[in-house]
>>> print(open('work11.txt').read())   # compact mmCIF, C-alpha atoms and all ligand atoms
# COMPACT_ATOMS: atom_id res chain seq x y z
CA MET A 1 -7.06 -37.79 3.69
CA LEU A 2 -5.76 -38.16 0.14
CA ASP A 3 -5.58 -41.77 -1.03
CA THR A 4 -2.14 -41.88 -2.66
CA ARG A 5 -2.30 -45.57 -3.62
CA ARG A 6 -3.87 -44.86 -6.97
CA PHE A 7 -0.94 -42.59 -7.79
CA ALA A 8 1.56 -45.23 -6.76
CA GLN A 9 2.24 -46.88 -10.14
CA ARG A 10 5.88 -46.48 -11.06
CA ARG A 11 6.46 -44.13 -13.93
CA GLN A 12 9.62 -43.39 -15.82
CA HIS A 13 10.99 -40.26 -14.17
CA GLY A 14 13.61 -37.99 -15.70
CA LEU A 15 16.94 -37.37 -13.99
CA ARG A 16 15.94 -34.04 -12.43
CA LEU A 17 12.69 -35.40 -11.00
CA ARG A 18 14.47 -38.46 -9.58
CA TRP A 19 16.95 -36.12 -7.88
CA LEU A 20 14.09 -34.03 -6.45
CA LEU A 21 12.33 -37.12 -5.09
CA PHE A 22 15.57 -38.32 -3.48
CA ARG A 23 16.27 -34.85 -2.02
CA ASN A 24 12.77 -34.53 -0.60
CA ARG A 25 12.91 -37.97 1.07
CA LEU A 26 16.21 -36.96 2.61
CA ILE A 27 14.98 -33.57 3.89
CA ALA A 28 11.85 -35.16 5.35
CA SER A 29 13.82 -37.71 7.32
CA PRO A 30 14.18 -36.85 11.06
CA ALA A 31 17.60 -38.52 11.12
CA PHE A 32 18.83 -36.26 8.30
CA GLN A 33 17.32 -33.20 10.01
CA ARG A 34 19.18 -34.06 13.23
CA TRP A 35 22.41 -34.55 11.27
CA ALA A 36 21.95 -31.27 9.32
CA LEU A 37 21.47 -29.30 12.56
CA GLY A 38 24.49 -30.93 14.17
CA ASN A 39 26.80 -30.34 11.23
CA PRO A 40 28.40 -26.85 11.30
CA LEU A 41 28.39 -26.73 7.47
CA THR A 42 24.64 -27.27 7.13
CA ARG A 43 23.42 -25.78 10.44
CA MET A 44 22.82 -22.22 9.17
CA LYS A 45 20.86 -23.36 6.13
CA THR A 46 18.79 -25.77 8.23
CA ARG A 47 17.99 -23.03 10.72
CA ARG A 48 16.97 -20.73 7.86
CA HIS A 49 14.57 -23.38 6.57
CA ALA A 50 13.18 -23.94 10.08
CA ARG A 51 12.70 -20.19 10.50
CA ALA A 52 10.91 -19.95 7.15
CA LEU A 53 8.59 -22.80 8.16
CA PHE A 54 7.90 -21.11 11.50
CA ASP A 55 7.00 -17.87 9.68
CA LEU A 56 4.83 -19.81 7.25
CA THR A 57 2.91 -21.37 10.13
CA ALA A 58 2.69 -18.12 12.11
CA GLY A 59 2.02 -15.76 9.17
CA PHE A 60 -1.69 -15.32 9.83
CA VAL A 61 -0.98 -14.50 13.49
CA TYR A 62 1.55 -11.84 12.47
CA SER A 63 -1.06 -10.27 10.19
CA GLN A 64 -3.63 -10.26 12.97
CA VAL A 65 -1.21 -8.52 15.34
CA ALA A 66 -0.84 -5.79 12.69
CA THR A 67 -4.63 -5.72 12.21
CA ALA A 68 -5.21 -5.27 15.95
CA LEU A 69 -2.65 -2.47 16.09
CA VAL A 70 -4.30 -0.67 13.14
CA GLU A 71 -7.94 -1.28 14.11
CA SER A 72 -7.41 -0.31 17.77
CA GLY A 73 -6.13 3.07 16.56
CA LEU A 74 -2.89 2.51 18.49
CA LEU A 75 -0.74 2.68 15.36
CA ASP A 76 -1.91 6.22 14.60
CA VAL A 77 -1.64 7.39 18.19
CA LEU A 78 1.83 5.89 18.65
CA ALA A 79 2.92 7.60 15.44
CA ALA A 80 2.10 10.90 17.19
CA GLU A 81 3.20 10.26 20.81
CA PRO A 82 4.58 7.58 23.16
CA LEU A 83 2.11 5.87 25.51
CA ALA A 84 2.16 4.02 28.81
CA THR A 85 0.56 0.56 28.73
CA SER A 86 -2.37 1.81 30.85
CA ASP A 87 -3.10 4.66 28.40
CA ALA A 88 -2.79 2.32 25.41
CA ALA A 89 -5.24 -0.04 27.13
CA MET A 90 -7.77 2.75 27.65
CA LEU A 91 -7.48 3.98 24.06
CA ALA A 92 -7.84 0.49 22.60
CA GLY A 93 -10.70 -0.55 24.89
CA LEU A 94 -8.63 -3.44 26.29
CA ASP A 95 -7.64 -4.34 29.84
CA GLU A 96 -4.02 -3.68 30.69
CA ALA A 97 -2.89 -7.30 30.37
CA ALA A 98 -4.43 -7.58 26.89
CA ALA A 99 -2.88 -4.29 25.79
CA ARG A 100 0.51 -5.55 27.01
CA THR A 101 0.00 -8.80 25.05
CA LEU A 102 -0.77 -6.81 21.90
CA LEU A 103 2.04 -4.29 22.25
CA THR A 104 4.60 -6.95 23.20
CA ALA A 105 3.55 -9.12 20.24
CA ALA A 106 3.83 -6.06 18.02
CA ALA A 107 7.30 -5.37 19.46
CA SER A 108 8.42 -8.87 18.48
CA LEU A 109 7.49 -7.94 14.90
CA ASP A 110 9.28 -4.57 15.11
CA LEU A 111 5.98 -2.73 14.93
CA THR A 112 6.36 -1.22 18.42
CA GLU A 113 9.20 -0.64 20.83
CA MET A 114 9.40 0.09 24.59
CA GLN A 115 11.67 2.86 25.85
CA ASP A 116 11.77 4.40 29.36
CA GLY A 117 8.56 2.60 30.26
CA LEU A 118 6.67 4.06 27.27
CA TRP A 119 5.58 2.46 24.02
CA THR A 120 6.52 3.99 20.68
CA LEU A 121 6.65 2.59 17.14
CA GLY A 122 9.39 0.21 16.01
CA GLU A 123 11.12 0.79 12.65
CA ARG A 124 8.62 -1.37 10.80
CA GLY A 125 5.71 0.24 12.63
CA ALA A 126 6.96 3.70 11.66
CA ALA A 127 7.24 2.59 8.03
CA LEU A 128 3.72 1.14 8.18
CA ALA A 129 2.28 4.33 9.68
CA GLY A 130 4.02 6.40 7.00
CA THR A 131 2.99 4.26 4.01
CA PRO A 132 -0.14 5.73 2.43
CA GLY A 133 -3.00 3.28 2.19
CA LEU A 134 -1.28 0.36 3.93
CA GLY A 135 -3.48 0.68 7.03
CA ASP A 136 -6.58 0.70 4.78
CA MET A 137 -5.27 -2.38 2.98
CA ILE A 138 -4.71 -4.17 6.32
CA ARG A 139 -8.28 -3.29 7.37
CA HIS A 140 -9.60 -4.49 4.03
CA HIS A 141 -7.87 -7.87 4.52
CA ARG A 142 -10.55 -8.79 7.06
CA LEU A 143 -12.74 -9.70 4.05
CA PHE A 144 -9.96 -11.58 2.30
CA TYR A 145 -9.12 -13.59 5.43
CA ALA A 146 -12.79 -14.47 5.87
CA ASP A 147 -12.64 -15.97 2.36
CA LEU A 148 -9.46 -17.81 3.27
CA ALA A 149 -10.93 -19.40 6.39
CA ASP A 150 -11.52 -22.40 4.11
CA PRO A 151 -8.91 -22.04 1.35
CA LEU A 152 -9.95 -25.19 -0.50
CA ALA A 153 -13.60 -24.08 -0.63
CA MET A 154 -12.35 -20.74 -1.99
CA LEU A 155 -10.27 -22.49 -4.66
CA ARG A 156 -13.16 -24.79 -5.56
CA ARG A 157 -15.35 -21.68 -5.91
CA GLU A 158 -17.99 -23.19 -3.64
CA GLY A 159 -20.27 -20.17 -3.48
CA PRO A 160 -19.59 -16.45 -3.61
CA THR A 161 -16.65 -15.05 -1.66
CA ARG A 162 -16.73 -11.79 0.32
CA LEU A 163 -14.29 -10.23 -2.16
CA SER A 164 -16.20 -11.34 -5.24
CA SER A 165 -19.50 -10.02 -3.91
CA LEU A 166 -17.89 -6.69 -3.16
CA TRP A 167 -16.23 -6.30 -6.54
CA ASP A 168 -18.26 -8.18 -9.03
CA TYR A 169 -16.99 -6.59 -12.22
CA ALA A 170 -18.65 -9.09 -14.53
CA ALA A 171 -22.09 -8.38 -13.17
CA GLY A 172 -21.24 -4.72 -12.62
CA ALA A 173 -21.13 -3.87 -8.90
CA GLY A 174 -23.67 -1.37 -7.59
CA ALA A 175 -22.80 2.27 -6.94
CA GLU A 176 -22.09 1.73 -3.22
CA GLU A 177 -19.72 -1.19 -3.77
CA ALA A 178 -18.02 0.71 -6.58
CA ALA A 179 -17.49 3.68 -4.22
CA THR A 180 -16.05 1.53 -1.37
CA TYR A 181 -13.73 -0.15 -3.79
CA SER A 182 -12.63 3.09 -5.44
CA ARG A 183 -11.86 4.61 -2.00
CA LEU A 184 -9.53 1.72 -1.13
CA MET A 185 -7.83 2.01 -4.51
CA THR A 186 -7.42 5.77 -4.01
CA ALA A 187 -5.90 5.29 -0.54
CA THR A 188 -3.34 2.80 -1.83
CA GLN A 189 -2.64 4.66 -5.07
CA PRO A 190 0.16 7.12 -4.09
CA LEU A 191 2.74 4.37 -3.58
CA VAL A 192 1.84 2.81 -6.93
CA ALA A 193 1.91 6.16 -8.72
CA ALA A 194 5.35 6.84 -7.23
CA GLN A 195 6.63 3.62 -8.88
CA ALA A 196 5.26 4.58 -12.29
CA ILE A 197 6.48 8.17 -12.12
CA ALA A 198 9.98 7.05 -11.14
CA ALA A 199 10.02 4.47 -13.95
CA PHE A 200 8.47 6.20 -16.98
CA PRO A 201 9.09 9.63 -18.59
CA PHE A 202 5.46 10.84 -18.73
CA ALA A 203 6.50 14.40 -19.61
CA ARG A 204 7.63 13.24 -23.07
CA HIS A 205 4.00 12.62 -24.05
CA ARG A 206 1.14 14.83 -25.08
CA ALA A 207 -2.05 13.20 -23.83
CA LEU A 208 -2.56 10.36 -21.34
CA LEU A 209 -5.65 8.15 -21.03
CA ASP A 210 -5.72 6.18 -17.75
CA ILE A 211 -7.86 3.14 -18.48
CA GLY A 212 -9.68 1.85 -15.37
CA GLY A 213 -8.47 5.02 -13.69
CA GLY A 214 -10.85 4.83 -10.70
CA GLN A 215 -11.11 8.14 -8.88
CA GLY A 216 -8.24 9.75 -10.76
CA ALA A 217 -5.58 9.58 -8.01
CA PHE A 218 -3.01 8.22 -10.45
CA LEU A 219 -3.78 10.90 -13.03
CA ARG A 220 -3.51 13.67 -10.46
CA ALA A 221 -0.09 12.37 -9.33
CA VAL A 222 1.14 12.14 -12.93
CA GLY A 223 -0.38 15.56 -13.72
CA ASP A 224 1.66 17.08 -10.88
CA ALA A 225 4.83 15.42 -12.16
CA ALA A 226 4.21 16.26 -15.84
CA PRO A 227 2.03 19.44 -15.90
CA GLY A 228 2.04 19.73 -19.71
CA LEU A 229 0.18 16.43 -20.18
CA ARG A 230 -3.51 16.43 -21.22
CA LEU A 231 -5.34 13.93 -19.00
CA GLY A 232 -8.23 11.55 -19.68
CA LEU A 233 -9.85 8.90 -17.49
CA PHE A 234 -11.85 5.90 -18.68
CA ASP A 235 -13.86 3.78 -16.22
CA ARG A 236 -17.21 2.14 -15.66
CA PRO A 237 -20.23 4.48 -15.55
CA GLU A 238 -20.83 3.69 -11.82
CA VAL A 239 -17.31 4.88 -11.04
CA ILE A 240 -17.46 7.93 -13.30
CA ALA A 241 -20.74 8.90 -11.59
CA THR A 242 -18.92 9.20 -8.22
CA LEU A 243 -16.19 11.53 -9.52
CA ALA A 244 -16.05 15.17 -8.50
CA PRO A 245 -15.71 17.32 -11.64
CA SER A 246 -12.12 18.26 -12.36
CA ALA A 247 -11.02 21.06 -14.66
CA ASN A 248 -8.06 19.22 -16.12
CA ILE A 249 -9.32 15.63 -16.44
CA THR A 250 -11.66 14.60 -19.26
CA VAL A 251 -13.76 11.63 -18.21
CA HIS A 252 -15.06 8.84 -20.45
CA ALA A 253 -17.63 6.32 -19.18
CA GLY A 254 -17.86 2.83 -20.64
CA SER A 255 -16.65 -0.73 -20.46
CA PHE A 256 -13.29 -1.53 -21.98
CA LEU A 257 -14.61 -5.02 -22.59
CA ALA A 258 -17.48 -3.82 -24.76
CA ASP A 259 -16.87 -0.26 -25.92
CA PRO A 260 -14.11 1.24 -28.06
CA LEU A 261 -11.67 3.45 -26.16
CA PRO A 262 -11.55 7.15 -27.07
CA ARG A 263 -8.91 8.15 -29.61
CA GLY A 264 -6.60 11.17 -29.54
CA TYR A 265 -4.29 10.04 -26.73
CA ASP A 266 -0.68 9.12 -27.47
CA LEU A 267 -0.23 7.33 -24.14
CA HIS A 268 -2.41 4.81 -22.30
CA THR A 269 -1.91 3.49 -18.78
CA LEU A 270 -3.33 0.38 -17.15
CA VAL A 271 -2.59 0.63 -13.46
CA ARG A 272 -3.56 -2.42 -11.37
CA VAL A 273 -6.16 -3.35 -13.97
CA LEU A 274 -4.83 -6.11 -16.25
CA HIS A 275 -4.24 -8.66 -13.45
CA ASP A 276 -7.90 -8.34 -12.39
CA HIS A 277 -8.96 -10.01 -15.61
CA ASP A 278 -8.88 -13.54 -16.97
CA ASP A 279 -6.85 -14.06 -20.13
CA ALA A 280 -9.70 -13.60 -22.64
CA ALA A 281 -10.83 -10.31 -21.05
CA ALA A 282 -7.22 -9.13 -20.67
CA MET A 283 -6.69 -9.75 -24.40
CA THR A 284 -9.88 -7.81 -25.24
CA LEU A 285 -8.57 -4.92 -23.15
CA LEU A 286 -5.11 -4.96 -24.75
CA ARG A 287 -6.66 -5.07 -28.23
CA ALA A 288 -8.94 -2.15 -27.35
CA SER A 289 -5.92 -0.12 -26.28
CA ARG A 290 -4.00 -1.05 -29.41
CA ALA A 291 -6.96 -0.13 -31.61
CA ALA A 292 -7.26 3.34 -30.04
CA LEU A 293 -3.57 4.19 -30.21
CA ALA A 294 -2.00 5.59 -33.37
CA PRO A 295 1.24 3.86 -34.51
CA GLY A 296 4.07 4.96 -32.19
CA GLY A 297 1.67 5.47 -29.25
CA LYS A 298 2.46 3.65 -26.03
CA LEU A 299 0.67 1.64 -23.40
CA VAL A 300 2.23 1.49 -19.95
CA ILE A 301 1.18 -1.39 -17.70
CA VAL A 302 1.83 -0.90 -14.00
CA GLU A 303 0.92 -3.60 -11.50
CA PRO A 304 2.41 -6.09 -9.06
CA MET A 305 3.39 -9.12 -11.11
CA ALA A 306 3.77 -12.80 -10.30
CA THR A 307 7.45 -12.38 -9.53
CA LEU A 308 7.87 -9.52 -7.11
CA GLY A 309 11.35 -8.17 -7.71
CA GLY A 310 13.14 -11.49 -7.89
CA ALA A 311 10.91 -13.34 -5.41
CA PRO A 312 8.01 -15.51 -6.55
CA GLU A 313 5.63 -14.78 -3.62
CA GLY A 314 3.34 -12.83 -5.95
CA HIS A 315 1.93 -16.17 -7.04
CA ALA A 316 0.97 -16.91 -3.43
CA TYR A 317 -0.42 -13.53 -2.39
CA PHE A 318 -1.90 -12.19 -5.62
CA GLY A 319 -2.72 -15.67 -6.88
CA PHE A 320 -4.98 -16.29 -3.88
CA TYR A 321 -6.28 -12.71 -3.73
CA LEU A 322 -7.43 -12.78 -7.34
CA ALA A 323 -8.78 -16.32 -6.93
CA ALA A 324 -10.90 -15.02 -4.02
CA MET A 325 -12.03 -12.14 -6.22
CA GLY A 326 -13.05 -14.75 -8.79
CA SER A 327 -11.32 -13.02 -11.69
CA GLY A 328 -7.83 -12.54 -13.06
CA ARG A 329 -4.41 -13.85 -12.07
CA PRO A 330 -0.95 -12.45 -11.45
CA ARG A 331 1.22 -12.75 -14.56
CA GLU A 332 4.92 -12.91 -15.24
CA MET A 333 6.41 -9.97 -17.14
CA ALA A 334 7.19 -12.33 -20.06
CA GLU A 335 3.53 -13.45 -20.26
CA ILE A 336 2.29 -9.87 -20.45
CA LYS A 337 4.83 -9.09 -23.17
CA ALA A 338 3.59 -12.11 -25.15
CA MET A 339 -0.05 -11.04 -24.71
CA ALA A 340 0.77 -7.49 -25.81
CA ALA A 341 2.50 -8.86 -28.91
CA ALA A 342 -0.56 -11.01 -29.67
CA ALA A 343 -2.73 -7.87 -29.33
CA GLY A 344 -0.66 -6.15 -32.03
CA PHE A 345 1.90 -4.12 -30.06
CA ILE A 346 5.24 -4.16 -31.81
CA SER A 347 7.77 -3.83 -29.02
CA ALA A 348 7.95 -4.10 -25.24
CA LYS A 349 10.38 -2.87 -22.66
CA GLU A 350 10.45 -3.26 -18.87
CA ARG A 351 11.02 -0.05 -16.94
CA SER A 352 12.46 -0.73 -13.52
CA THR A 353 10.59 0.63 -10.50
CA PRO A 354 12.08 1.46 -7.08
CA LEU A 355 9.80 -1.04 -5.29
CA PRO A 356 8.88 -3.92 -7.65
CA LEU A 357 7.00 -5.44 -4.71
CA VAL A 358 4.46 -2.64 -5.06
CA ALA A 359 4.38 -2.55 -8.86
CA ARG A 360 6.46 -3.39 -11.91
CA CYS A 361 6.21 -1.39 -15.11
CA LEU A 362 6.05 -2.52 -18.73
CA GLU A 363 5.98 -0.14 -21.70
CA VAL A 364 4.65 -1.48 -25.01
CA ARG A 365 4.61 0.40 -28.30
CA ALA A 366 1.80 0.36 -30.89
C1 LIG B 1 -8.05 -2.44 -9.32
S1 LIG B 1 -8.91 -1.01 -9.80
C2 LIG B 1 -7.60 0.06 -10.20
C3 LIG B 1 -7.96 1.51 -10.16
C4 LIG B 1 -6.79 2.45 -10.43
N1 LIG B 1 -6.21 2.22 -11.73
C5 LIG B 1 -5.77 2.31 -9.33
O1 LIG B 1 -4.73 1.70 -9.53
O2 LIG B 1 -6.04 2.81 -8.24
C6 LIG B 1 -9.57 -1.45 -11.38
C7 LIG B 1 -10.36 -0.35 -12.05
O3 LIG B 1 -10.81 -0.85 -13.32
C8 LIG B 1 -12.15 -0.48 -13.48
N2 LIG B 1 -12.81 -1.44 -14.37
C9 LIG B 1 -13.01 -2.75 -14.15
N3 LIG B 1 -13.65 -3.31 -15.18
C10 LIG B 1 -13.85 -2.32 -16.08
C11 LIG B 1 -14.45 -2.27 -17.37
N4 LIG B 1 -14.98 -3.38 -17.93
N5 LIG B 1 -14.47 -1.10 -18.04
C12 LIG B 1 -13.93 0.02 -17.49
N6 LIG B 1 -13.34 0.04 -16.26
C13 LIG B 1 -13.30 -1.11 -15.57
C14 LIG B 1 -12.72 -0.51 -12.09
O4 LIG B 1 -13.93 0.23 -12.00
C15 LIG B 1 -11.59 0.08 -11.28
O5 LIG B 1 -11.66 1.47 -11.21
>>> encode(input="work11.txt", output="structure tokens", more="lines below")
Ligand SMILES: C[S@@+](CC[C@H](N)C(=O)[O-])C[C@H]1O[C@@H](n2cnc3c(N)ncnc32)[C@H](O)[C@@H]1O
Amino acid sequence: MLDTRRFAQRRQHGLRLRWLLFRNRLIASPAFQRWALGNPLTRMKTRRHARALFDLTAGFVYSQVATALVESGLLDVLAAEPLATSDAAMLAGLDEAAARTLLTAAASLDLTEMQDGLWTLGERGAALAGTPGLGDMIRHHRLFYADLADPLAMLRREGPTRLSSLWDYAAGAGAEEAATYSRLMTATQPLVAAQAIAAFPFARHRALLDIGGGQGAFLRAVGDAAPGLRLGLFDRPEVIATLAPSANITVHAGSFLADPLPRGYDLHTLVRVLHDHDDAAAMTLLRASRAALAPGGKLVIVEPMATLGGAPEGHAYFGFYLAAMGSGRPREMAEIKAMAAAAGFISAKERSTPLPLVARCLEVRA
């Protein structure tokens, strides 16, 4: 239990802080809560807050319902055909009562739906089944949740986390870890690529270098959308070693933290790369890109940012995810612009994406 007495000395508080302290005392008071629920003018807002707190408390359970639906294979089967509870139970290796518990819980989250005595997917379940890579991401969260079993230990960095041991960039992960990681990135890539392609006119450029391009899924998607573009991929040697040769992608192995980037490209992309790195490394990377681009060349940064399309939850989700990885942080668009300016880029412009929750897009000019 935190001993608050040593913080108790009175300090001079500004007007805004005094208002916040008053407001918070009021909201915390059971008498005020009873009044706010009884008053027709405040009832809706109070219920909204109560609902949000319920979701906050239950959030992990919701995720585990989704995990059970994905890992049991029921999501995929229900995407193809409706099932009776007994058949779902057999497929999932559960008894009938447990299968009903799972499918009913999933129905309450709009993942499944019962019609004519058969289970099918709900609207959200259908969207989940149809979103490339989301099932893989849900599976992958098993590791992340293991790290979050003790969130304070994770924040205090008391020992290695499951995520950091899997993806230890600094030390250079082994070939197997690099391959597992690249596969997950490839599975989740199409949705990210769709954001970038909708936001930025790739076809206006001549040659694109995707820095930290993994297994090339992003480049292939852009290549299909802009067939005239010459394509290059830069990544760590362990990742490059796992790539199947491709006629239209030139590969470059190296570390963007230690090696110069190849010249001759008028466009660079950093897709889900910058936020993986602490500020010093992120600046090294931005400077490397600036150094390899001729004046007028562009760098396009595509990643989920701290504010996800107007909502600040990116700080919660990506903040904790990257903390568990032990490297990087989610950044606000304005912070990335300032870093790009410090690295020598002369102008910056946000390009809006259809789903900022998945990725936002910033174009900076050398
Ligand atoms: C989060 S993944 C993103 C992969 C891909 N851009 C995507 O969105 O699917 C980060 C990528 O950066 C690469 N990477 C990390 N550190 C690197 C370094 N120092 N030099 C080159 N590549 C690096 C990783 O190998 C990985 O492929």
>>> axis_aligned_box(input="work11.txt", around="stretch 200-215 of chain A", padding_each_side="5 Å", output="AutoDock Vina command-line options")
--center_x -1.0 --center_y 8.3 --center_z -17.0 --size_x 30.2 --size_y 23.0 --size_z 26.2
>>> residues_near_ligand(input="work11.txt", ligand="ligand LIG 1 (chain B)", cutoff="7 Å", atoms="all atoms listed in the file", output="VMD selection string")
chain A and resid 169 178 182 185 to 186 188 to 189 211 to 214 217 to 218 234 to 236 239 254 to 257 270 to 273 276
>>> closest_residue(input="work11.txt", among="A:Ala66, A:Gly133, A:Ile138, A:Ala97", to="A:Leu109", atoms="all atoms listed in the file")
A:Ala66
>>> residues_around(input="work11.txt", residues="A:Ala92", least_positions_apart="4", cutoff="12 Å", atoms="all atoms listed in the file", output="PDB file with C-alpha atoms, in the frame of the given file")
ATOM      1  CA  ALA A  68      -5.210  -5.270  15.950  1.00  0.00           C
ATOM      2  CA  LEU A  69      -2.650  -2.470  16.090  1.00  0.00           C
ATOM      3  CA  VAL A  70      -4.300  -0.670  13.140  1.00  0.00           C
ATOM      4  CA  GLU A  71      -7.940  -1.280  14.110  1.00  0.00           C
ATOM      5  CA  SER A  72      -7.410  -0.310  17.770  1.00  0.00           C
ATOM      6  CA  GLY A  73      -6.130   3.070  16.560  1.00  0.00           C
ATOM      7  CA  LEU A  74      -2.890   2.510  18.490  1.00  0.00           C
ATOM      8  CA  LEU A  75      -0.740   2.680  15.360  1.00  0.00           C
ATOM      9  CA  ASP A  76      -1.910   6.220  14.600  1.00  0.00           C
ATOM     10  CA  VAL A  77      -1.640   7.390  18.190  1.00  0.00           C
ATOM     11  CA  LEU A  78       1.830   5.890  18.650  1.00  0.00           C
ATOM     12  CA  LEU A  83       2.110   5.870  25.510  1.00  0.00           C
ATOM     13  CA  THR A  85       0.560   0.560  28.730  1.00  0.00           C
ATOM     14  CA  SER A  86      -2.370   1.810  30.850  1.00  0.00           C
ATOM     15  CA  ASP A  87      -3.100   4.660  28.400  1.00  0.00           C
ATOM     16  CA  ALA A  88      -2.790   2.320  25.410  1.00  0.00           C
ATOM     17  CA  GLU A  96      -4.020  -3.680  30.690  1.00  0.00           C
ATOM     18  CA  ALA A  98      -4.430  -7.580  26.890  1.00  0.00           C
ATOM     19  CA  ALA A  99      -2.880  -4.290  25.790  1.00  0.00           C
ATOM     20  CA  ARG A 100       0.510  -5.550  27.010  1.00  0.00           C
ATOM     21  CA  LEU A 102      -0.770  -6.810  21.900  1.00  0.00           C
ATOM     22  CA  LEU A 103       2.040  -4.290  22.250  1.00  0.00           C
TER      23      LEU A 103
END
>>> residues_around(input="work11.txt", residues="A:Ala306", least_positions_apart="5", cutoff="8 Å", atoms="all atoms listed in the file", output="PyMOL selection string")
chain A and resi 312-315+318-319+330-333
>>> atom_distance(input="work11.txt", atom1="atom CA of A:Ala196", atom2="atom CA of A:Arg351")
8.7 Å
>>> atom_distance(input="work11.txt", atom1="atom CA of A:Leu267", atom2="atom CA of A:Thr180")
28.3 Å
>>> atom_distance(input="work11.txt", atom1="atom CA of A:Pro227", atom2="atom CA of A:Ala198")
15.5 Å
>>> closest_residue(input="work11.txt", among="A:Ala193, A:Val65, A:Leu166, A:Ala52", to="A:Asp110", atoms="all atoms listed in the file")
A:Val65
>>> closest_residue(input="work11.txt", among="A:Leu15, A:Leu53, A:Ala58, A:Ala342", to="A:Ala282", atoms="only C-alpha atoms")
A:Ala342
>>> closest_residue(input="work11.txt", among="A:Pro82, A:Pro304, A:Gly135, A:Gly159", to="A:Gly117", atoms="all atoms listed in the file")
A:Pro82
>>> closest_residue(input="work11.txt", among="A:Leu274, A:Leu148, A:Ala340, A:Ala199", to="A:Phe320", atoms="only C-alpha atoms")
A:Leu148
>>> residues_around(input="work11.txt", residues="A:Ile240", least_positions_apart="6", cutoff="8 Å", atoms="all atoms listed in the file", output="list in words")
Gly214, Gln215, Val251, His252 and Ala253 of chain A
>>> residues_around(input="work11.txt", residues="A:Arg206", least_positions_apart="2", cutoff="10 Å", atoms="only C-alpha atoms", output="list in words")
Phe202, Ala203, Arg204, Leu208, Ala226, Gly228, Leu229, Arg230, Leu231, Gly264, Tyr265, Asp266 and Leu267 of chain A
>>> residues_near_point(input="work11.txt", point="(5.4, 5.7, -29.8)", cutoff="6 Å", atoms="all atoms listed in the file", output="MDAnalysis selection string")
chainID A and resid 296:298 365
>>> closest_residue(input="work11.txt", among="A:Val358, A:Leu94, A:Met154, A:Ala79", to="A:Gly326", atoms="only C-alpha atoms")
A:Met154
>>> build_atoms(input="work11.txt", residues="stretch 217-229 of chain A", atoms="N, CA and C atoms", output="PDB file, in the coordinates of the input")
ATOM      1  N   ALA A 217      -6.748   9.278  -8.863  1.00  0.00           N
ATOM      2  CA  ALA A 217      -5.580   9.580  -8.010  1.00  0.00           C
ATOM      3  C   ALA A 217      -4.283   9.433  -8.808  1.00  0.00           C
ATOM      4  N   PHE A 218      -4.232   8.416  -9.657  1.00  0.00           N
ATOM      5  CA  PHE A 218      -3.010   8.220 -10.450  1.00  0.00           C
ATOM      6  C   PHE A 218      -2.811   9.391 -11.414  1.00  0.00           C
ATOM      7  N   LEU A 219      -3.895   9.788 -12.070  1.00  0.00           N
ATOM      8  CA  LEU A 219      -3.780  10.900 -13.030  1.00  0.00           C
ATOM      9  C   LEU A 219      -3.348  12.190 -12.350  1.00  0.00           C
ATOM     10  N   ARG A 220      -3.893  12.428 -11.163  1.00  0.00           N
ATOM     11  CA  ARG A 220      -3.510  13.670 -10.460  1.00  0.00           C
ATOM     12  C   ARG A 220      -2.021  13.636 -10.113  1.00  0.00           C
ATOM     13  N   ALA A 221      -1.517  12.467  -9.676  1.00  0.00           N
ATOM     14  CA  ALA A 221      -0.090  12.370  -9.330  1.00  0.00           C
ATOM     15  C   ALA A 221       0.767  12.580 -10.583  1.00  0.00           C
ATOM     16  N   VAL A 222       0.358  11.965 -11.702  1.00  0.00           N
ATOM     17  CA  VAL A 222       1.140  12.140 -12.930  1.00  0.00           C
ATOM     18  C   VAL A 222       1.023  13.579 -13.417  1.00  0.00           C
ATOM     19  N   GLY A 223      -0.177  14.165 -13.304  1.00  0.00           N
ATOM     20  CA  GLY A 223      -0.380  15.560 -13.720  1.00  0.00           C
ATOM     21  C   GLY A 223       0.540  16.506 -12.960  1.00  0.00           C
ATOM     22  N   ASP A 224       0.750  16.223 -11.660  1.00  0.00           N
ATOM     23  CA  ASP A 224       1.660  17.080 -10.880  1.00  0.00           C
ATOM     24  C   ASP A 224       3.097  16.915 -11.372  1.00  0.00           C
ATOM     25  N   ALA A 225       3.449  15.675 -11.750  1.00  0.00           N
ATOM     26  CA  ALA A 225       4.830  15.420 -12.160  1.00  0.00           C
ATOM     27  C   ALA A 225       5.089  15.884 -13.602  1.00  0.00           C
ATOM     28  N   ALA A 226       4.041  15.881 -14.433  1.00  0.00           N
ATOM     29  CA  ALA A 226       4.210  16.260 -15.840  1.00  0.00           C
ATOM     30  C   ALA A 226       3.068  17.228 -16.206  1.00  0.00           C
ATOM     31  N   PRO A 227       3.174  18.501 -15.787  1.00  0.00           N
ATOM     32  CA  PRO A 227       2.030  19.440 -15.900  1.00  0.00           C
ATOM     33  C   PRO A 227       1.580  19.712 -17.333  1.00  0.00           C
ATOM     34  N   GLY A 228       2.429  19.440 -18.331  1.00  0.00           N
ATOM     35  CA  GLY A 228       2.040  19.730 -19.710  1.00  0.00           C
ATOM     36  C   GLY A 228       1.121  18.678 -20.312  1.00  0.00           C
ATOM     37  N   LEU A 229       0.914  17.569 -19.612  1.00  0.00           N
ATOM     38  CA  LEU A 229       0.180  16.430 -20.180  1.00  0.00           C
ATOM     39  C   LEU A 229      -1.338  16.670 -20.110  1.00  0.00           C
TER      40      LEU A 229
END
